[in-house]
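The data block below is start_19.cif; it holds mmCIF, C-alpha atoms.
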data_start
#
loop_
_atom_site.label_atom_id
_atom_site.label_comp_id
_atom_site.auth_asym_id
_atom_site.auth_seq_id
_atom_site.Cartn_x
_atom_site.Cartn_y
_atom_site.Cartn_z
CA MET A 1 22.72 21.24 -18.56
CA VAL A 2 25.71 18.92 -18.20
CA ASN A 3 23.84 16.96 -15.52
CA PHE A 4 20.87 16.48 -17.85
CA TRP A 5 22.98 15.15 -20.71
CA MET A 6 24.91 12.91 -18.32
CA PHE A 7 21.66 11.44 -16.95
CA LEU A 8 20.24 11.00 -20.44
CA GLY A 9 23.45 9.36 -21.68
CA ILE A 10 23.63 6.88 -18.79
CA PHE A 11 19.93 6.09 -19.08
CA LEU A 12 20.07 5.46 -22.85
CA LEU A 13 23.29 3.45 -22.61
CA LEU A 14 21.87 1.12 -19.96
CA ALA A 15 18.56 0.82 -21.81
CA PHE A 16 20.46 -0.04 -25.01
CA LEU A 17 22.30 -2.75 -23.04
CA ARG A 18 18.85 -4.17 -22.18
CA VAL A 19 18.92 -3.14 -18.53
CA PRO A 20 15.23 -2.83 -17.48
CA ILE A 21 13.89 0.72 -17.82
CA PRO A 22 13.31 1.28 -14.06
CA PHE A 23 16.90 0.28 -13.24
CA SER A 24 18.31 2.34 -16.12
CA MET A 25 16.40 5.34 -14.84
CA GLY A 26 17.34 4.78 -11.19
CA ILE A 27 21.05 4.11 -11.73
CA GLY A 28 21.43 7.17 -13.96
CA ALA A 29 19.55 9.36 -11.49
CA ILE A 30 21.54 8.15 -8.44
CA LEU A 31 24.91 8.65 -10.15
CA VAL A 32 24.08 12.17 -11.32
CA TYR A 33 22.47 13.12 -8.00
CA MET A 34 25.47 11.94 -5.95
CA LYS A 35 27.86 13.70 -8.33
CA ALA A 36 25.89 16.93 -7.85
CA GLY A 37 26.28 16.70 -4.06
CA GLY A 38 23.15 14.83 -3.03
CA THR A 39 23.05 12.41 -0.09
CA SER A 40 22.02 8.79 0.20
CA VAL A 41 19.73 9.68 3.13
CA ALA A 42 17.69 11.97 0.89
CA ILE A 43 17.38 9.16 -1.68
CA ALA A 44 16.18 6.68 0.95
CA MET A 45 13.61 9.13 2.29
CA LYS A 46 12.33 9.92 -1.21
CA VAL A 47 12.02 6.23 -2.12
CA PHE A 48 10.04 5.50 1.05
CA GLY A 49 7.85 8.54 0.47
CA SER A 50 7.06 7.51 -3.11
CA LEU A 51 5.60 4.19 -1.93
CA ASN A 52 4.00 5.51 1.26
CA VAL A 53 1.16 7.11 -0.71
CA PHE A 54 -2.45 6.12 -0.13
CA THR A 55 -3.40 6.78 -3.77
CA PHE A 56 -0.82 4.25 -4.98
CA LEU A 57 -2.95 1.42 -3.53
CA ALA A 58 -5.48 2.11 -6.27
CA ILE A 59 -3.09 0.79 -8.92
CA PRO A 60 -2.88 -2.90 -7.87
CA ALA A 61 -6.59 -2.79 -7.09
CA PHE A 62 -7.58 -1.59 -10.56
CA ILE A 63 -5.12 -3.98 -12.22
CA PHE A 64 -6.62 -6.96 -10.39
CA ALA A 65 -10.19 -5.75 -11.00
CA GLY A 66 -9.47 -5.40 -14.71
CA ASP A 67 -8.00 -8.90 -14.87
CA LEU A 68 -11.06 -10.28 -13.08
CA MET A 69 -13.44 -8.59 -15.51
CA ALA A 70 -11.43 -9.76 -18.52
CA ALA A 71 -11.43 -13.35 -17.24
CA SER A 72 -15.17 -13.25 -16.60
CA GLY A 73 -15.97 -13.62 -20.29
CA ILE A 74 -17.61 -10.21 -20.58
CA SER A 75 -16.20 -9.49 -24.05
CA SER A 76 -18.99 -11.30 -25.91
CA ALA A 77 -21.68 -9.53 -23.85
CA ILE A 78 -20.15 -6.13 -24.62
CA MET A 79 -19.88 -7.02 -28.31
CA ARG A 80 -23.58 -7.93 -28.43
CA PHE A 81 -24.43 -4.72 -26.57
CA ALA A 82 -22.58 -2.60 -29.17
CA ASN A 83 -24.10 -4.62 -32.00
CA SER A 84 -27.64 -4.01 -30.72
CA PHE A 85 -27.18 -0.26 -31.26
CA ILE A 86 -25.21 -0.08 -34.51
CA GLY A 87 -25.53 -3.56 -35.98
CA ARG A 88 -27.79 -2.35 -38.81
CA LEU A 89 -25.41 0.32 -40.09
CA ARG A 90 -23.26 -0.28 -43.13
CA GLY A 91 -19.79 -1.11 -41.88
CA ALA A 92 -21.38 -2.50 -38.73
CA ALA A 93 -18.77 -5.22 -38.24
CA GLY A 94 -15.96 -2.68 -38.09
CA ALA A 95 -18.00 -0.16 -36.09
CA VAL A 96 -18.96 -2.80 -33.53
CA THR A 97 -15.28 -3.74 -33.20
CA ILE A 98 -14.35 -0.11 -32.51
CA VAL A 99 -17.10 0.48 -29.93
CA THR A 100 -16.46 -2.88 -28.25
CA CYS A 101 -12.75 -2.07 -27.91
CA MET A 102 -13.62 1.29 -26.34
CA LEU A 103 -15.98 -0.26 -23.80
CA PHE A 104 -13.84 -3.31 -23.03
CA GLY A 105 -10.67 -1.22 -22.66
CA ALA A 106 -12.44 1.19 -20.31
CA ILE A 107 -13.56 -1.72 -18.10
CA THR A 108 -10.30 -3.73 -18.06
CA GLY A 109 -7.86 -0.81 -18.32
CA SER A 110 -5.50 -2.77 -20.59
CA SER A 111 -4.95 -2.10 -24.28
CA LEU A 112 -3.09 -5.39 -24.80
CA ALA A 113 -5.89 -7.37 -23.10
CA THR A 114 -8.37 -5.54 -25.33
CA ILE A 115 -6.54 -6.53 -28.49
CA THR A 116 -6.21 -10.13 -27.36
CA GLY A 117 -9.77 -10.52 -26.05
CA ILE A 118 -11.66 -8.56 -28.69
CA GLY A 119 -9.30 -9.43 -31.53
CA GLY A 120 -9.70 -13.17 -31.08
CA MET A 121 -13.47 -12.79 -31.04
CA MET A 122 -14.02 -10.16 -33.76
CA LEU A 123 -11.39 -11.13 -36.35
CA PRO A 124 -13.42 -14.11 -37.67
CA GLU A 125 -16.55 -11.91 -37.72
CA LEU A 126 -14.79 -9.22 -39.72
CA GLU A 127 -13.52 -11.77 -42.24
CA LYS A 128 -17.04 -13.22 -42.52
CA ALA A 129 -18.30 -9.72 -43.35
CA GLY A 130 -15.78 -9.51 -46.21
CA TYR A 131 -12.99 -7.55 -44.52
CA ASP A 132 -9.43 -8.19 -45.62
CA ARG A 133 -7.50 -9.93 -42.82
CA ARG A 134 -4.68 -7.39 -42.97
CA TYR A 135 -7.11 -4.48 -42.63
CA ALA A 136 -9.06 -6.21 -39.84
CA THR A 137 -5.84 -6.83 -37.89
CA GLY A 138 -4.79 -3.21 -38.37
CA LEU A 139 -8.20 -1.98 -37.21
CA ILE A 140 -8.09 -4.07 -34.04
CA SER A 141 -4.50 -2.97 -33.31
CA ALA A 142 -5.42 0.70 -33.78
CA CYS A 143 -8.47 0.38 -31.49
CA GLY A 144 -6.62 -1.23 -28.59
CA PHE A 145 -5.72 1.99 -26.80
CA LEU A 146 -9.08 3.77 -27.20
CA GLY A 147 -10.42 2.32 -23.96
CA ILE A 148 -7.35 3.57 -22.06
CA LEU A 149 -8.39 7.12 -22.94
CA ILE A 150 -11.74 6.48 -21.23
CA PRO A 151 -11.42 6.12 -17.44
CA PRO A 152 -10.57 4.46 -15.21
CA SER A 153 -6.96 4.02 -16.38
CA ILE A 154 -3.61 3.28 -14.71
CA PRO A 155 -1.65 5.93 -16.71
CA GLY A 156 -4.11 8.53 -15.45
CA ILE A 157 -3.48 7.49 -11.83
CA LEU A 158 0.29 7.69 -12.32
CA TYR A 159 0.09 11.14 -13.91
CA ALA A 160 -2.15 12.45 -11.11
CA MET A 161 0.26 11.09 -8.47
CA MET A 162 3.32 12.46 -10.22
CA ALA A 163 1.85 15.91 -10.94
CA GLY A 164 -0.18 16.26 -7.74
CA GLU A 165 -3.36 16.84 -9.76
CA ASN A 166 -6.95 15.80 -9.11
CA LEU A 167 -7.35 12.23 -10.37
CA MET A 168 -10.88 12.72 -11.69
CA LYS A 169 -9.77 15.71 -13.77
CA VAL A 170 -6.86 13.74 -15.22
CA TRP A 171 -9.15 10.82 -16.06
CA LEU A 172 -11.69 13.10 -17.74
CA CYS A 173 -9.20 15.08 -19.85
CA THR A 174 -8.86 12.22 -22.38
CA VAL A 175 -12.54 11.26 -22.63
CA THR A 176 -13.44 13.73 -25.40
CA PRO A 177 -10.32 12.93 -27.50
CA GLY A 178 -11.03 9.20 -27.05
CA VAL A 179 -14.67 9.45 -28.13
CA LEU A 180 -13.76 11.77 -31.02
CA LEU A 181 -11.11 9.33 -32.19
CA GLY A 182 -13.58 6.44 -32.02
CA LEU A 183 -16.09 8.36 -34.18
CA ILE A 184 -13.43 9.19 -36.78
CA TYR A 185 -12.37 5.52 -36.82
CA ILE A 186 -15.99 4.56 -37.60
CA VAL A 187 -16.10 7.06 -40.48
CA ILE A 188 -12.79 5.77 -41.86
CA ASN A 189 -14.05 2.19 -41.61
CA TYR A 190 -17.26 3.11 -43.45
CA PHE A 191 -15.47 4.63 -46.43
CA THR A 192 -12.82 1.87 -46.49
CA TYR A 193 -15.05 -1.22 -46.30
CA GLY A 194 -18.42 -0.37 -44.84
CA LYS A 195 -20.00 1.35 -47.84
CA ASN A 196 -19.53 -1.85 -49.85
CA GLU A 197 -21.49 -3.96 -47.37
CA GLN A 198 -25.07 -4.89 -48.15
CA LYS A 199 -27.79 -2.87 -46.46
CA ALA A 200 -29.20 -4.39 -43.31
CA ARG A 201 -32.66 -4.79 -44.85
CA VAL A 202 -31.14 -7.30 -47.29
CA THR A 203 -29.39 -9.39 -44.65
CA GLN A 204 -31.58 -8.79 -41.58
CA GLY A 205 -34.94 -7.82 -43.04
CA PRO A 206 -36.67 -4.43 -42.97
CA PHE A 207 -36.17 -2.15 -39.97
CA GLN A 208 -38.80 -2.46 -37.26
CA PHE A 209 -38.67 -0.06 -34.34
CA GLY A 210 -40.19 -2.41 -31.76
CA PRO A 211 -37.80 -5.35 -32.23
CA TYR A 212 -34.88 -2.89 -32.48
CA VAL A 213 -35.65 -1.34 -29.09
CA LYS A 214 -36.37 -4.75 -27.59
CA GLY A 215 -32.97 -5.99 -28.77
CA ILE A 216 -31.23 -2.99 -27.17
CA VAL A 217 -33.05 -3.51 -23.88
CA MET A 218 -32.22 -7.23 -23.79
CA GLU A 219 -28.51 -6.80 -24.59
CA THR A 220 -28.23 -3.88 -22.17
CA TRP A 221 -29.62 -6.13 -19.46
CA HIS A 222 -27.26 -8.98 -20.36
CA SER A 223 -24.21 -6.70 -20.32
CA MET A 224 -25.33 -4.65 -17.31
CA THR A 225 -22.92 -6.38 -14.94
CA ALA A 226 -19.93 -5.25 -17.01
CA LEU A 227 -21.18 -1.75 -17.79
CA LEU A 228 -22.02 -1.00 -14.15
CA MET A 229 -18.42 -1.15 -12.91
CA PRO A 230 -17.22 2.23 -14.31
CA VAL A 231 -20.60 3.74 -13.37
CA ILE A 232 -20.20 2.62 -9.74
CA ILE A 233 -16.64 3.93 -9.62
CA PHE A 234 -17.53 7.33 -11.06
CA TYR A 235 -20.68 7.79 -9.01
CA GLY A 236 -18.87 6.78 -5.84
CA ILE A 237 -15.98 9.19 -6.39
CA TYR A 238 -18.12 12.07 -7.68
CA GLY A 239 -20.66 11.58 -4.90
CA GLY A 240 -18.01 11.61 -2.20
CA ILE A 241 -18.91 8.06 -1.15
CA PHE A 242 -15.33 6.80 -1.45
CA THR A 243 -11.88 7.96 -2.52
CA PRO A 244 -10.18 6.78 -5.75
CA THR A 245 -8.20 4.25 -3.71
CA GLU A 246 -11.33 2.93 -2.03
CA ALA A 247 -12.91 2.84 -5.50
CA GLY A 248 -10.18 0.37 -6.49
CA ALA A 249 -11.17 -1.88 -3.57
CA VAL A 250 -14.84 -1.61 -4.58
CA ALA A 251 -13.88 -2.53 -8.15
CA VAL A 252 -12.07 -5.65 -6.91
CA ALA A 253 -15.05 -6.71 -4.79
CA TYR A 254 -17.37 -6.12 -7.73
CA GLY A 255 -15.03 -8.00 -10.10
CA LEU A 256 -14.89 -10.96 -7.72
CA LEU A 257 -18.68 -11.00 -7.50
CA ILE A 258 -19.09 -10.83 -11.29
CA GLY A 259 -16.36 -13.42 -11.79
CA TRP A 260 -18.14 -15.79 -9.44
CA ILE A 261 -21.57 -15.23 -11.03
CA ILE A 262 -20.67 -15.15 -14.76
CA ASN A 263 -17.63 -17.39 -14.81
CA PRO A 264 -16.92 -19.10 -11.48
CA LEU A 265 -13.22 -18.31 -11.17
CA PHE A 266 -12.91 -19.90 -7.73
CA LEU A 267 -14.08 -23.22 -9.11
CA LYS A 268 -11.67 -23.31 -12.06
CA LYS A 269 -9.31 -26.26 -11.92
CA LYS A 270 -7.09 -25.11 -14.79
CA PRO A 271 -4.27 -22.99 -13.28
CA GLU A 272 -3.97 -20.81 -16.38
CA VAL A 273 -7.43 -19.30 -15.83
CA GLY A 274 -7.93 -19.57 -12.06
CA ILE A 275 -8.02 -16.96 -9.33
CA VAL A 276 -4.45 -17.79 -8.22
CA LYS A 277 -3.16 -17.06 -11.72
CA LEU A 278 -4.97 -13.72 -11.80
CA LEU A 279 -3.56 -12.81 -8.38
CA SER A 280 0.01 -13.69 -9.37
CA ASP A 281 -0.21 -11.82 -12.69
CA GLY A 282 -1.66 -8.77 -10.93
CA ALA A 283 1.07 -8.91 -8.27
CA VAL A 284 3.83 -9.02 -10.89
CA THR A 285 2.34 -6.09 -12.82
CA SER A 286 1.82 -4.06 -9.65
CA SER A 287 5.37 -4.79 -8.48
CA THR A 288 6.73 -3.62 -11.82
CA ILE A 289 4.85 -0.33 -11.54
CA ALA A 290 5.98 0.04 -7.90
CA MET A 291 9.63 -0.38 -8.92
CA LEU A 292 9.10 2.08 -11.74
CA ASN A 293 7.55 4.60 -9.36
CA THR A 294 10.40 4.12 -6.88
CA PHE A 295 13.17 4.78 -9.37
CA ALA A 296 11.19 7.60 -10.97
CA SER A 297 11.04 9.30 -7.55
CA VAL A 298 14.85 9.14 -7.41
CA ALA A 299 14.98 10.68 -10.87
CA GLY A 300 12.54 13.33 -9.65
CA ILE A 301 14.72 14.38 -6.71
CA MET A 302 17.75 14.49 -9.00
CA ILE A 303 15.88 16.59 -11.56
CA THR A 304 14.75 19.06 -8.88
CA TYR A 305 18.15 19.24 -7.16
CA THR A 306 20.06 19.92 -10.39
CA ARG A 307 17.47 22.48 -11.64
CA ILE A 308 17.02 20.64 -14.94
CA PRO A 309 13.46 21.98 -15.59
CA ALA A 310 14.61 25.59 -15.10
CA ILE A 311 17.63 25.09 -17.34
CA LEU A 312 15.55 23.43 -20.07
CA THR A 313 12.91 26.17 -19.78
CA GLU A 314 15.55 28.82 -20.39
CA ALA A 315 16.89 26.78 -23.32
CA MET A 316 13.40 26.47 -24.79
CA PHE A 317 12.75 30.21 -24.43
CA SER A 318 16.03 30.85 -26.24
CA ILE A 319 14.59 28.88 -29.18
CA THR A 320 11.07 30.29 -29.19
CA HIS A 321 8.64 32.31 -27.11
CA SER A 322 5.70 31.00 -29.12
CA LYS A 323 3.33 28.66 -27.32
CA ILE A 324 2.24 27.23 -30.69
CA VAL A 325 5.81 26.32 -31.67
CA PHE A 326 6.50 24.89 -28.21
CA LEU A 327 3.44 22.62 -28.40
CA LEU A 328 4.53 21.41 -31.84
CA ILE A 329 8.01 20.54 -30.52
CA LEU A 330 6.41 18.89 -27.48
CA ASN A 331 4.19 16.66 -29.62
CA LEU A 332 7.04 15.59 -31.88
CA MET A 333 9.16 14.69 -28.87
CA LEU A 334 6.40 12.77 -27.05
CA ILE A 335 5.45 10.73 -30.12
CA VAL A 336 9.09 9.71 -30.56
CA VAL A 337 9.32 8.82 -26.86
CA GLY A 338 6.09 6.81 -27.14
CA MET A 339 7.60 4.87 -30.03
CA PHE A 340 10.46 3.60 -27.86
CA MET A 341 9.27 3.66 -24.25
CA GLU A 342 6.36 2.16 -22.34
CA THR A 343 3.62 4.63 -21.35
CA ASN A 344 3.97 4.46 -17.55
CA SER A 345 7.77 4.83 -17.70
CA SER A 346 7.46 7.86 -19.97
CA ILE A 347 4.96 9.56 -17.65
CA LEU A 348 7.08 9.15 -14.52
CA LEU A 349 10.36 10.05 -16.23
CA LEU A 350 9.30 13.00 -18.39
CA GLY A 351 6.46 14.46 -16.33
CA PRO A 352 8.65 16.19 -13.70
CA ILE A 353 10.78 17.69 -16.50
CA LEU A 354 8.09 18.77 -18.95
CA ILE A 355 5.28 20.00 -16.69
CA PRO A 356 7.24 23.02 -15.36
CA ILE A 357 8.31 23.92 -18.91
CA ALA A 358 4.74 23.60 -20.21
CA THR A 359 3.44 25.70 -17.31
CA SER A 360 5.95 28.43 -18.10
CA PHE A 361 4.48 28.59 -21.61
CA GLY A 362 0.99 28.95 -20.17
CA VAL A 363 -0.19 25.35 -20.69
CA ASP A 364 -2.64 24.14 -18.06
CA PRO A 365 -1.39 20.94 -16.32
CA ILE A 366 -4.69 19.15 -17.06
CA HIS A 367 -4.47 20.17 -20.73
CA PHE A 368 -0.87 18.93 -20.71
CA ALA A 369 -2.09 15.62 -19.25
CA GLY A 370 -4.44 15.16 -22.21
CA ILE A 371 -1.64 15.96 -24.67
CA MET A 372 0.86 13.67 -22.98
CA LEU A 373 -1.42 10.68 -22.48
CA LEU A 374 -2.77 10.85 -26.04
CA ASN A 375 0.75 11.13 -27.49
CA LEU A 376 2.07 8.16 -25.54
CA GLU A 377 -0.89 5.98 -26.46
CA ILE A 378 -0.40 6.84 -30.14
CA GLY A 379 3.16 5.63 -29.67
CA MET A 380 1.70 2.19 -28.89
CA ILE A 381 0.77 1.81 -32.58
CA THR A 382 3.87 3.52 -33.99
CA PRO A 383 6.86 1.36 -35.06
CA PRO A 384 9.49 0.29 -34.28
CA PHE A 385 8.34 -0.78 -30.78
CA ALA A 386 4.59 -0.63 -31.31
CA ALA A 387 3.34 -2.96 -28.56
CA ASN A 388 -0.29 -2.87 -29.67
CA LEU A 389 0.59 -3.54 -33.30
CA PHE A 390 2.90 -6.38 -32.29
CA VAL A 391 0.19 -8.10 -30.24
CA GLY A 392 -2.39 -7.45 -32.98
CA CYS A 393 -0.15 -9.15 -35.54
CA ARG A 394 0.20 -12.14 -33.23
CA VAL A 395 -3.58 -12.39 -32.95
CA GLY A 396 -3.99 -12.01 -36.72
CA LYS A 397 -1.01 -14.30 -37.46
CA LEU A 398 0.47 -11.76 -39.86
CA ASN A 399 3.74 -9.90 -40.25
CA MET A 400 3.94 -6.26 -39.18
CA GLU A 401 4.86 -5.09 -42.69
CA ASP A 402 1.60 -6.60 -44.02
CA VAL A 403 -0.54 -4.71 -41.52
CA LEU A 404 1.24 -1.33 -41.41
CA PRO A 405 -0.10 0.07 -44.73
CA LYS A 406 -3.67 -0.66 -43.60
CA MET A 407 -3.12 1.33 -40.40
CA ILE A 408 -2.05 4.57 -42.08
CA PRO A 409 -5.56 6.12 -42.17
CA PHE A 410 -6.04 5.40 -38.46
CA PHE A 411 -2.62 6.84 -37.61
CA LEU A 412 -3.45 10.01 -39.56
CA ALA A 413 -6.75 10.22 -37.64
CA CYS A 414 -4.74 10.06 -34.41
CA LEU A 415 -2.59 12.98 -35.56
CA VAL A 416 -5.69 15.02 -36.43
CA VAL A 417 -7.25 14.45 -33.00
CA LEU A 418 -3.90 15.13 -31.34
CA GLY A 419 -3.67 18.46 -33.20
CA ILE A 420 -7.21 19.39 -32.15
CA THR A 421 -6.54 18.44 -28.53
CA THR A 422 -3.27 20.39 -28.53
CA TYR A 423 -4.48 23.65 -30.04
CA VAL A 424 -8.08 23.63 -28.75
CA PRO A 425 -7.55 23.24 -24.99
CA ALA A 426 -11.28 23.00 -24.28
CA VAL A 427 -11.31 19.54 -25.89
CA ALA A 428 -9.23 18.29 -22.94
CA THR A 429 -10.35 20.69 -20.21
CA PHE A 430 -14.12 21.02 -20.74
CA LEU A 431 -15.14 17.90 -18.81
CA PRO A 432 -12.52 18.33 -16.04
CA ASN A 433 -13.71 21.90 -15.48
CA LEU A 434 -17.18 20.53 -14.71
CA VAL A 435 -15.78 18.61 -11.72
#
For the structure just supplied, provide its representation as structure tokens.
Amino acid sequence: MVNFWMFLGIFLLLAFLRVPIPFSMGIGAILVYMKAGGTSVAIAMKVFGSLNVFTFLAIPAFIFAGDLMAASGISSAIMRFANSFIGRLRGAAGAVTIVTCMLFGAITGSSLATITGIGGMMLPELEKAGYDRRYATGLISACGFLGILIPPSIPGILYAMMAGENLMKVWLCTVTPGVLLGLIYIVINYFTYGKNEQKARVTQGPFQFGPYVKGIVMETWHSMTALLMPVIIFYGIYGGIFTPTEAGAVAVAYGLLIGWIINPLFLKKKPEVGIVKLLSDGAVTSSTIAMLNTFASVAGIMITYTRIPAILTEAMFSITHSKIVFLLILNLMLIVVGMFMETNSSILLLGPILIPIATSFGVDPIHFAGIMLLNLEIGMITPPFAANLFVGCRVGKLNMEDVLPKMIPFFLACLVVLGITTYVPAVATFLPNLV
């Protein structure tokens, strides 16, 4: 237990001194591991092994593919697609924002890109529909992470690599919570602003089935290029046509094709939007994750060598033998971690510690994946370091304290879905069990 507290103390001290998270993690792990009798040769072998993984190649591929799709100008097509289905409902402006964020986030794999891309487009539309700017900004900020819960997603790849689990099962474990959360958001939006909107027959004329279906068909066709990417990836992996890593390469090829057709990236003369800019941004992001994975592997070997999971398991059993109480403690801890740490760092640092403890309490690793990923994404909208809320406030040009009160209903909805996911395992495991 001394080794654990020493590692935690060094890690927190360096992080407080603004040393980057990967270095804080790695330095703390190396010092504790060497103190416990480990060797530098073992560290070098573990670091090499952590990067010499075929699955890891999927991460830069999906990052670059997401950037390509985001730069292709697909956000407006997806917005029109969502509007064609639910545009006549009361509260349609807010509902379209929620659905668009879910679809756009699933395609690009970035919650911050979702807030920036969809927020800049939908905020004026929400204000035109009579929504308060503070509420509209809070809604967009709260919706940013919904698409991350719907695959493909980078956090899911990292969890699958770290835990040695099937990637498709990890991706699918958050689909039901993500869709459920989106539906609850729509209900909240309806009772907050939507019920006060005029009926569609006043603003758009009486409902006619023919034109309604025609509109859906047309917008589906126009947005088909964007919507096909996750379909191709899933069909290819499920059908055994290619591996998840090869799916990343297919996604890049598809993104390049779409980028060239919809928005000719290769012909852009402005460096801030060209293909070179996308490549450099993707390389930086991928390098950051690679460094994080490298230092996390060092932390992993230290954690295993010093028997930290076994010691913490014994400590947890000394507190409670109840699975219900353990899951409550787990959720409280993960939400706090999500408030202060970035999602990928949290997965790689805490996964090797918490998965053995959760397994000892009878929690399925795929169920645990759903709990962990949902918790950490909720942390993205929880102060003080709420990245999604911070970016949303920048888009809305508002202060965080103005937006926070408007986000409370959405945060409570997150807690409700988290509770359901935690104590009804089938919510997370039903779809993965079909694989």
Contacts of stretch 130-144 of chain A within 8 Å, all atoms listed in the file, excl. fewer than 3 positions in-chain, as a PyMOL selection string: chain A and resi 94+97-98+101-102+105+111-112+114-115+118-119+123+126-127+147+182+193+381+388-389+391-393+395-396+398+402-404+406-407+410-411
Tell me which protein, DNA and RNA residues are within 7 Å of stretch 351-363 of chain A, counting all atoms listed in the file, leaving out same-chain ones fewer than 6 positions away, and put them as a short mmCIF file (atom, residue, chain, number, x, y, z; two decimals) with C-alpha atoms, keeping the file's coordinate frame.
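And here is the file that came out, part_27.cif:
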data_model
loop_
_atom_site.label_atom_id
_atom_site.label_comp_id
_atom_site.auth_asym_id
_atom_site.auth_seq_id
_atom_site.Cartn_x
_atom_site.Cartn_y
_atom_site.Cartn_z
CA GLY A 300 12.54 13.33 -9.65
CA PRO A 309 13.46 21.98 -15.59
CA THR A 313 12.91 26.17 -19.78
CA LYS A 323 3.33 28.66 -27.32
#
Hits of the PyMOL selection byres ((chain A and resi 244-257) around 7) in this structure, as a count of residues only: 18
Proximity to A:Leu374 - best of A:Ile86, A:Leu146, A:Ala296, A:Val187, all atoms listed in the file: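 Selected residue with least distance to A:Leu374: A:Leu146.
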Taking only C-alpha atoms into account, which of A:Ala70, A:Leu434, A:Ile59, A:Pro425 comes nearest A:Ser287?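 Among the listed residues, A:Ile59 lies closest to A:Ser287.
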10 Å contact set for A:Lys46, only C-alpha atoms, chain neighbours under 6 positions out, as an MDAnalysis selection string: chainID A and resid 40 52 294:295 297:298 300:301
